[in-house]
2 protein chains.
Amino acid sequence: MEIKSIFEGIEENDMEKMLKCFEARKMLFKKDRTIVTNIINVKTVGIILSGTANMVRYDYNGNRSIIEKLETNSVFGEVFSRLGSDISVIATSDCEVLFIDYEHIIKRCKKGCSYHSILTNNVLQFLSSKIVELNKRLEILSKRTIRDKLLSYFELLATDDPRRTFTLPFTYTDLADYLSVDRSAMMREIKNLKEEGFIKSNGKRITLISY
Amino acid sequence: MEIKSIFEGIEENDMEKMLKCFEARKMLFKKDRTIVTNIINVKTVGIILSGTANMVRYDYNGNRSIIEKLETNSVFGEVFSRLGSDISVIATSDCEVLFIDYEHIIKRCKKGCSYHSILTNNVLQFLSSKIVELNKRLEILSKRTIRDKLLSYFELLATDDPRRTFTLPFTYTDLADYLSVDRSAMMREIKNLKEEGFIKSNGKRITLISY
DNA sequence: TCTTTTTTGTTGCATATGCAACATGTTTTT
DNA sequence: AAAAACATGTTGCATATGCAACAAAAAAGA
């Protein structure tokens, strides 16, 4: 159901032709380097071929928000983010990034290349699953208390596991940014949740206790 | 840039053919009636042809969240919302709704009908702008205080107006739901913002004061 | 290895916010 | 026109949360 790569289903052979036809550019980024900044009116789409990155924003108070963790095959660009904001994509490991102009992807070319319709379909599914992701985060952030934010996020991570155990994909510092709460207040709340028997935790390994 | 309807650019003539080919169903709903509830594994997409509706969720505390205000030409369905949650679409006025199976839209049919590629392109752009919308709301909800939430939402509404004046598209009660904060606390904060000279307001008409 | 940086864990304090409860005003229904 | 339903406006109170500051542990770098 969920597609792994935006290029899924496209022949290796067609792939090269397509990249040339699209004037795709491949670039390398070292860890901690800025891949793009100020994604405003950037009609370019980036695809992470290898490595990881964070999409972040610093607001006027200097609070960092991780908008999204980008992994291999992640896609980013103007259409995927709020216009007019100071959003940057920062490499969290060495990265290989492919840039393609959005127009090439969204517009059907006259040649009617076979790979083009596959790509369109993939992008459609990609956008759909992105919307589901955004709605998940929205559901978490719409919770009024840190406790409820934590619990609904944990619930999300635990759903697939019958033992209701999972490993945090974040450092606790990053988790606080993701939930948009103060880190120390969050740590305090996690301690409370443990003491009150809602969760067990050992480092980043957490188990949800249900009755 | 922004498309008005998902059917934009499709000839009146083709439209009828297409709706038949897609087995589209048109239904009528009176005000306050539930159009759909529990949008889980519903592989159907709804398009509001006339009228307005709210996409809402009630969490276990009974707090209502307005996920989205739907107007004429709005589209809703599984791909646009978080799976597994108690999401409903409620008519806020008499509504005409068209239902189409998602498969018909996303999959390219063998006949290669001309309207099909137009529709795909429209859906793509629609999803893109939806993502931008979601990111806007995320930016607001990621603010830590009610004051900052209000200000960033107001900022959003004021950007297009040189007088920095706008009319709230919500009742204040609904606004509190949209911002995911307590209504009375929000009213208090709005009063503070007025007293401290950040905004002027008269009913739903609000002016942002900038220095 | 040793050094430096980052993350984790904790606490005191001021205050922002949720909650409950109520009064008033406005809109909708009968 | 009267009644009912809903929106707005306000307040007191308990507490959850942001903020600052610091110590200890862990990870990364030299």
# chains A, B, ... in the order shown; residues from 1 in each chain; ligands from 1
$ closest_atom_pairs --of "chain D" --to "range 11-14 of chain C" --cutoff "12 Å" --atoms "only C-alpha atoms (C1' of nucleotides)" --output "Markdown table"
| residue | atom | partner | partner_atom | distance |
| --- | --- | --- | --- | --- |
| D:DT17 | C1' | C:DA14 | C1' | 10.7 |
| D:DG18 | C1' | C:DA14 | C1' | 9.5 |
| D:DC19 | C1' | C:DC13 | C1' | 9.1 |
| D:DA20 | C1' | C:DC13 | C1' | 9.5 |
| D:DA21 | C1' | C:DT11 | C1' | 9.2 |
| D:DC22 | C1' | C:DT11 | C1' | 9.2 |
| D:DA23 | C1' | C:DT11 | C1' | 11.2 |
$ closest_atom_pairs --of "chain C" --to "chain B" --cutoff "9 Å" --atoms "only C-alpha atoms (C1' of nucleotides)" --output "Markdown table"
| residue | atom | partner | partner_atom | distance |
| --- | --- | --- | --- | --- |
| C:DA16 | C1' | B:Thr145 | CA | 7.7 |
| C:DT17 | C1' | B:Ala185 | CA | 6.3 |
| C:DG18 | C1' | B:Asp182 | CA | 6.3 |
| C:DC19 | C1' | B:Asp182 | CA | 8.7 |
$ write_last_selection --atoms "C-alpha atoms (C1' of nucleotides)" --output "PDB file, in the first residue's frame"
ATOM      1  C1'  DA C  16      -0.384  30.911  31.670  1.00  0.00           C
ATOM      2  C1'  DT C  17      -4.027  27.919  31.073  1.00  0.00           C
ATOM      3  C1'  DG C  18      -7.796  24.587  31.834  1.00  0.00           C
ATOM      4  C1'  DC C  19     -11.910  24.158  34.276  1.00  0.00           C
TER       5       DC C  19
END
$ closest_residue --among "D:DA24, D:DT8, D:DA14, D:DA30" --to "chain B" --atoms "only C-alpha atoms (C1' of nucleotides)"
D:DT8
$ select_by_dssp --residues "chain A" --states "helix (DSSP H, G or I)" --output "VMD selection string"
chain A and resid 12 to 21 78 to 80 102 to 106 114 to 141 146 to 158 172 to 179 183 to 195
$ write_last_selection --atoms "C-alpha atoms" --output "mmCIF file, in the first residue's frame"
data_model
loop_
_atom_site.group_PDB
_atom_site.id
_atom_site.type_symbol
_atom_site.label_atom_id
_atom_site.label_comp_id
_atom_site.auth_asym_id
_atom_site.auth_seq_id
_atom_site.Cartn_x
_atom_site.Cartn_y
_atom_site.Cartn_z
ATOM 1 C CA GLU A 12 16.303 1.087 -14.201
ATOM 2 C CA ASN A 13 16.598 1.720 -17.908
ATOM 3 C CA ASP A 14 13.823 4.328 -18.056
ATOM 4 C CA MET A 15 15.161 5.896 -14.899
ATOM 5 C CA GLU A 16 18.261 7.299 -16.596
ATOM 6 C CA LYS A 17 16.285 8.576 -19.560
ATOM 7 C CA MET A 18 13.790 10.198 -17.246
ATOM 8 C CA LEU A 19 16.392 11.916 -15.086
ATOM 9 C CA LYS A 20 17.977 13.381 -18.195
ATOM 10 C CA CYS A 21 14.606 14.446 -19.596
ATOM 11 C CA GLU A 78 7.664 24.104 -1.514
ATOM 12 C CA VAL A 79 4.437 22.192 -1.925
ATOM 13 C CA PHE A 80 5.143 20.194 1.188
ATOM 14 C CA TYR A 102 8.286 20.554 -9.842
ATOM 15 C CA GLU A 103 6.888 21.413 -13.265
ATOM 16 C CA HIS A 104 8.482 18.322 -14.785
ATOM 17 C CA ILE A 105 6.736 16.109 -12.287
ATOM 18 C CA ILE A 106 3.294 17.620 -12.243
ATOM 19 C CA SER A 114 5.543 5.469 -20.034
ATOM 20 C CA TYR A 115 7.413 6.277 -16.837
ATOM 21 C CA HIS A 116 5.658 9.594 -16.562
ATOM 22 C CA SER A 117 2.271 8.227 -15.610
ATOM 23 C CA ILE A 118 3.858 5.843 -13.134
ATOM 24 C CA LEU A 119 5.637 8.760 -11.529
ATOM 25 C CA THR A 120 2.439 10.790 -11.356
ATOM 26 C CA ASN A 121 0.655 7.938 -9.644
ATOM 27 C CA ASN A 122 3.507 7.541 -7.175
ATOM 28 C CA VAL A 123 3.514 11.234 -6.358
ATOM 29 C CA LEU A 124 -0.223 11.086 -5.781
ATOM 30 C CA GLN A 125 0.122 8.233 -3.330
ATOM 31 C CA PHE A 126 3.084 9.920 -1.717
ATOM 32 C CA LEU A 127 1.128 13.116 -1.158
ATOM 33 C CA SER A 128 -1.782 11.133 0.241
ATOM 34 C CA SER A 129 0.361 9.394 2.809
ATOM 35 C CA LYS A 130 2.027 12.697 3.627
ATOM 36 C CA ILE A 131 -1.384 14.131 4.420
ATOM 37 C CA VAL A 132 -2.091 11.203 6.702
ATOM 38 C CA GLU A 133 1.226 11.873 8.454
ATOM 39 C CA LEU A 134 0.435 15.551 8.888
ATOM 40 C CA ASN A 135 -2.947 14.701 10.313
ATOM 41 C CA LYS A 136 -1.320 12.378 12.822
ATOM 42 C CA ARG A 137 0.961 15.146 14.043
ATOM 43 C CA LEU A 138 -1.994 17.521 14.052
ATOM 44 C CA GLU A 139 -3.955 15.137 16.231
ATOM 45 C CA ILE A 140 -1.064 15.035 18.695
ATOM 46 C CA LEU A 141 -0.536 18.788 18.767
ATOM 47 C CA ILE A 146 1.779 17.482 27.637
ATOM 48 C CA ARG A 147 0.481 14.277 29.169
ATOM 49 C CA ASP A 148 -2.108 13.817 26.441
ATOM 50 C CA LYS A 149 0.396 14.713 23.756
ATOM 51 C CA LEU A 150 2.821 12.110 25.032
ATOM 52 C CA LEU A 151 0.150 9.441 25.411
ATOM 53 C CA SER A 152 -1.318 9.925 21.961
ATOM 54 C CA TYR A 153 2.134 9.895 20.397
ATOM 55 C CA PHE A 154 3.083 6.763 22.322
ATOM 56 C CA GLU A 155 -0.221 5.189 21.345
ATOM 57 C CA LEU A 156 0.671 5.807 17.719
ATOM 58 C CA LEU A 157 4.038 4.106 18.098
ATOM 59 C CA ALA A 158 2.618 1.193 20.064
ATOM 60 C CA TYR A 172 14.159 13.199 24.188
ATOM 61 C CA THR A 173 15.348 16.655 23.248
ATOM 62 C CA ASP A 174 14.044 16.202 19.722
ATOM 63 C CA LEU A 175 10.839 14.645 21.025
ATOM 64 C CA ALA A 176 10.105 17.825 22.971
ATOM 65 C CA ASP A 177 10.579 19.815 19.777
ATOM 66 C CA TYR A 178 8.325 17.434 17.882
ATOM 67 C CA LEU A 179 5.573 17.760 20.471
ATOM 68 C CA ARG A 183 11.775 19.711 27.389
ATOM 69 C CA SER A 184 12.082 19.908 31.164
ATOM 70 C CA ALA A 185 8.313 20.011 31.547
ATOM 71 C CA MET A 186 8.089 16.984 29.292
ATOM 72 C CA MET A 187 10.689 15.060 31.298
ATOM 73 C CA ARG A 188 8.763 15.854 34.459
ATOM 74 C CA GLU A 189 5.561 14.569 32.878
ATOM 75 C CA ILE A 190 7.251 11.370 31.709
ATOM 76 C CA LYS A 191 8.428 10.797 35.269
ATOM 77 C CA ASN A 192 4.855 11.307 36.468
ATOM 78 C CA LEU A 193 3.538 8.838 33.883
ATOM 79 C CA LYS A 194 6.036 6.260 35.132
ATOM 80 C CA GLU A 195 5.241 6.850 38.790
#
$ closest_residue --among "B:Phe22, B:Phe7, B:Phe76, B:Phe29" --to "chain A" --atoms "only C-alpha atoms"
B:Phe76
$ atom_distance --atom1 "CA of Glu68 in chain A" --atom2 "CA of Lys30 in chain A"
19.1 Å
$ residues_around --residues "DT5 in chain C" --least-positions-apart "3" --cutoff "9 Å" --atoms "only C-alpha atoms (C1' of nucleotides)" --output "PyMOL selection string"
chain D and resi 27-29
$ atom_distance --atom1 "CA of Lys31 in chain B" --atom2 "CA of Glu96 in chain B"
10.8 Å
$ closest_residue --among "A:Arg163, A:Arg57, A:Lys69, A:Lys200" --to "chain B" --atoms "only C-alpha atoms"
A:Arg57
$ residues_around --residues "Asn73 in chain A" --least-positions-apart "2" --cutoff "12 Å" --atoms "only C-alpha atoms (C1' of nucleotides)" --output "PyMOL selection string"
chain A and resi 3-8+46-53+69-71+75-76+95-98+126
